[in-house]
Amino acid sequence: MLKKIDHIGIAVESLDESIEIFKKMGLTFEGLEEVEEQKVKTAFFNVGGVHVELLTPTSPESPIAKFIEKKGQGIHHIAYESDNIAGEIENLKNNGFQMIDNEPEMALMTVKLLLSILNHQGKF
């Protein structure tokens, strides 16, 4: 069962500029992290127990670079906490969701998160 939203990932062109904007909004800055295998640098903020993750590409081949090129800056993903990630993925697949990743991905500050990006019949 999905328990709560853990974080919202937002693709941005400039991490430094975006960090300043979110600080001015009053969100609590929690730190930076680079994920080399995803070719991305992230900044985390906390607002009421939910994290906002800003993502900027470190390479033109990054999935985030391709996302920004195609769709512009904006919400990239929403990560949910679950006590049964594999069961959630199976349930979503059984209900017509197309999974980009069929295996859960553990990364960054997350422990029990369903990070597989999904699409419901092309209407997400």
# chains A, B, ... in the order shown; residues from 1 in each chain; ligands from 1
$ residues_around --residues "Leu55 in chain A" --least-positions-apart "3" --cutoff "9 Å" --atoms "only C-alpha atoms" --output "ChimeraX atom specification"
/A:9-15,40-43,64,76
$ write_last_selection --atoms "N, CA and C atoms" --output "PDB file, in the first residue's frame"
ATOM      1  N   GLY A   9      10.231  15.206  -7.510  1.00  0.00           N
ATOM      2  CA  GLY A   9      11.433  15.526  -8.278  1.00  0.00           C
ATOM      3  C   GLY A   9      11.114  16.557  -9.346  1.00  0.00           C
ATOM      4  N   ILE A  10      11.886  17.645  -9.355  1.00  0.00           N
ATOM      5  CA  ILE A  10      11.676  18.727 -10.311  1.00  0.00           C
ATOM      6  C   ILE A  10      12.948  18.919 -11.133  1.00  0.00           C
ATOM      7  N   ALA A  11      12.818  18.780 -12.445  1.00  0.00           N
ATOM      8  CA  ALA A  11      13.955  18.969 -13.356  1.00  0.00           C
ATOM      9  C   ALA A  11      14.174  20.469 -13.564  1.00  0.00           C
ATOM     10  N   VAL A  12      15.417  20.916 -13.379  1.00  0.00           N
ATOM     11  CA  VAL A  12      15.755  22.332 -13.527  1.00  0.00           C
ATOM     12  C   VAL A  12      17.013  22.484 -14.368  1.00  0.00           C
ATOM     13  N   GLU A  13      17.109  23.604 -15.063  1.00  0.00           N
ATOM     14  CA  GLU A  13      18.303  23.877 -15.865  1.00  0.00           C
ATOM     15  C   GLU A  13      19.459  24.368 -15.007  1.00  0.00           C
ATOM     16  N   SER A  14      19.162  25.217 -14.017  1.00  0.00           N
ATOM     17  CA  SER A  14      20.203  25.770 -13.163  1.00  0.00           C
ATOM     18  C   SER A  14      19.920  25.416 -11.709  1.00  0.00           C
ATOM     19  N   LEU A  15      20.728  24.529 -11.159  1.00  0.00           N
ATOM     20  CA  LEU A  15      20.550  24.124  -9.768  1.00  0.00           C
ATOM     21  C   LEU A  15      20.791  25.302  -8.824  1.00  0.00           C
ATOM     22  N   VAL A  40      23.368  13.197 -12.932  1.00  0.00           N
ATOM     23  CA  VAL A  40      22.511  14.223 -12.364  1.00  0.00           C
ATOM     24  C   VAL A  40      23.061  14.704 -11.024  1.00  0.00           C
ATOM     25  N   LYS A  41      22.823  15.964 -10.733  1.00  0.00           N
ATOM     26  CA  LYS A  41      23.143  16.547  -9.433  1.00  0.00           C
ATOM     27  C   LYS A  41      21.821  16.984  -8.823  1.00  0.00           C
ATOM     28  N   THR A  42      21.647  16.721  -7.525  1.00  0.00           N
ATOM     29  CA  THR A  42      20.384  17.012  -6.874  1.00  0.00           C
ATOM     30  C   THR A  42      20.563  17.908  -5.654  1.00  0.00           C
ATOM     31  N   ALA A  43      19.496  18.607  -5.334  1.00  0.00           N
ATOM     32  CA  ALA A  43      19.419  19.384  -4.097  1.00  0.00           C
ATOM     33  C   ALA A  43      18.107  19.011  -3.434  1.00  0.00           C
ATOM     34  N   ILE A  64      17.685  13.440 -17.354  1.00  0.00           N
ATOM     35  CA  ILE A  64      17.112  14.743 -16.984  1.00  0.00           C
ATOM     36  C   ILE A  64      17.344  15.753 -18.100  1.00  0.00           C
ATOM     37  N   HIS A  76       9.277  16.121 -12.685  1.00  0.00           N
ATOM     38  CA  HIS A  76       9.808  14.939 -13.363  1.00  0.00           C
ATOM     39  C   HIS A  76       9.214  13.658 -12.786  1.00  0.00           C
TER      40      HIS A  76
END
$ residues_around --residues "Ser62 in chain A" --least-positions-apart "2" --cutoff "12 Å" --atoms "only C-alpha atoms" --output "VMD selection string"
chain A and resid 11 35 to 41 55 to 60 64 to 69
$ select_by_dssp --residues "range 6-98 of chain A" --states "strand (DSSP E or B)" --output "PyMOL selection string"
chain A and resi 6-11+28-35+40-47+50-57+74-82+97-98
$ residues_around --residues "Gly26 in chain A" --least-positions-apart "2" --cutoff "12 Å" --atoms "only C-alpha atoms" --output "PyMOL selection string"
chain A and resi 19-24+28-29+45-48
$ write_last_selection --atoms "C-alpha atoms" --output "CSV table (one decimal), in the first residue's frame"
chain,number,residue,atom,x,y,z
A,19,ILE,CA,18.2,26.5,-4.9
A,20,GLU,CA,18.0,30.3,-4.2
A,21,ILE,CA,14.4,30.4,-5.3
A,22,PHE,CA,13.4,27.6,-3.0
A,23,LYS,CA,15.4,29.1,-0.1
A,24,LYS,CA,13.5,32.4,-0.6
A,28,THR,CA,14.6,23.9,4.5
A,29,PHE,CA,17.7,23.1,2.4
A,45,PHE,CA,14.5,20.6,0.5
A,46,ASN,CA,12.0,19.7,3.2
A,47,VAL,CA,8.6,21.0,3.6
A,48,GLY,CA,6.3,19.5,6.1
$ closest_residue --among "A:Glu33, A:Val50, A:Glu17, A:Leu27" --to "Ala79 in chain A" --atoms "only C-alpha atoms"
A:Val50
$ closest_residue --among "A:Asp16, A:Gly31, A:Leu92, A:Tyr80" --to "Glu53 in chain A" --atoms "only C-alpha atoms"
A:Gly31
$ closest_residue --among "A:Ala86, A:Leu32, A:Ile75, A:Val52" --to "Leu2 in chain A" --atoms "only C-alpha atoms"
A:Ala86
$ atom_distance --atom1 "CA of His51 in chain A" --atom2 "CA of His7 in chain A"
4.3 Å
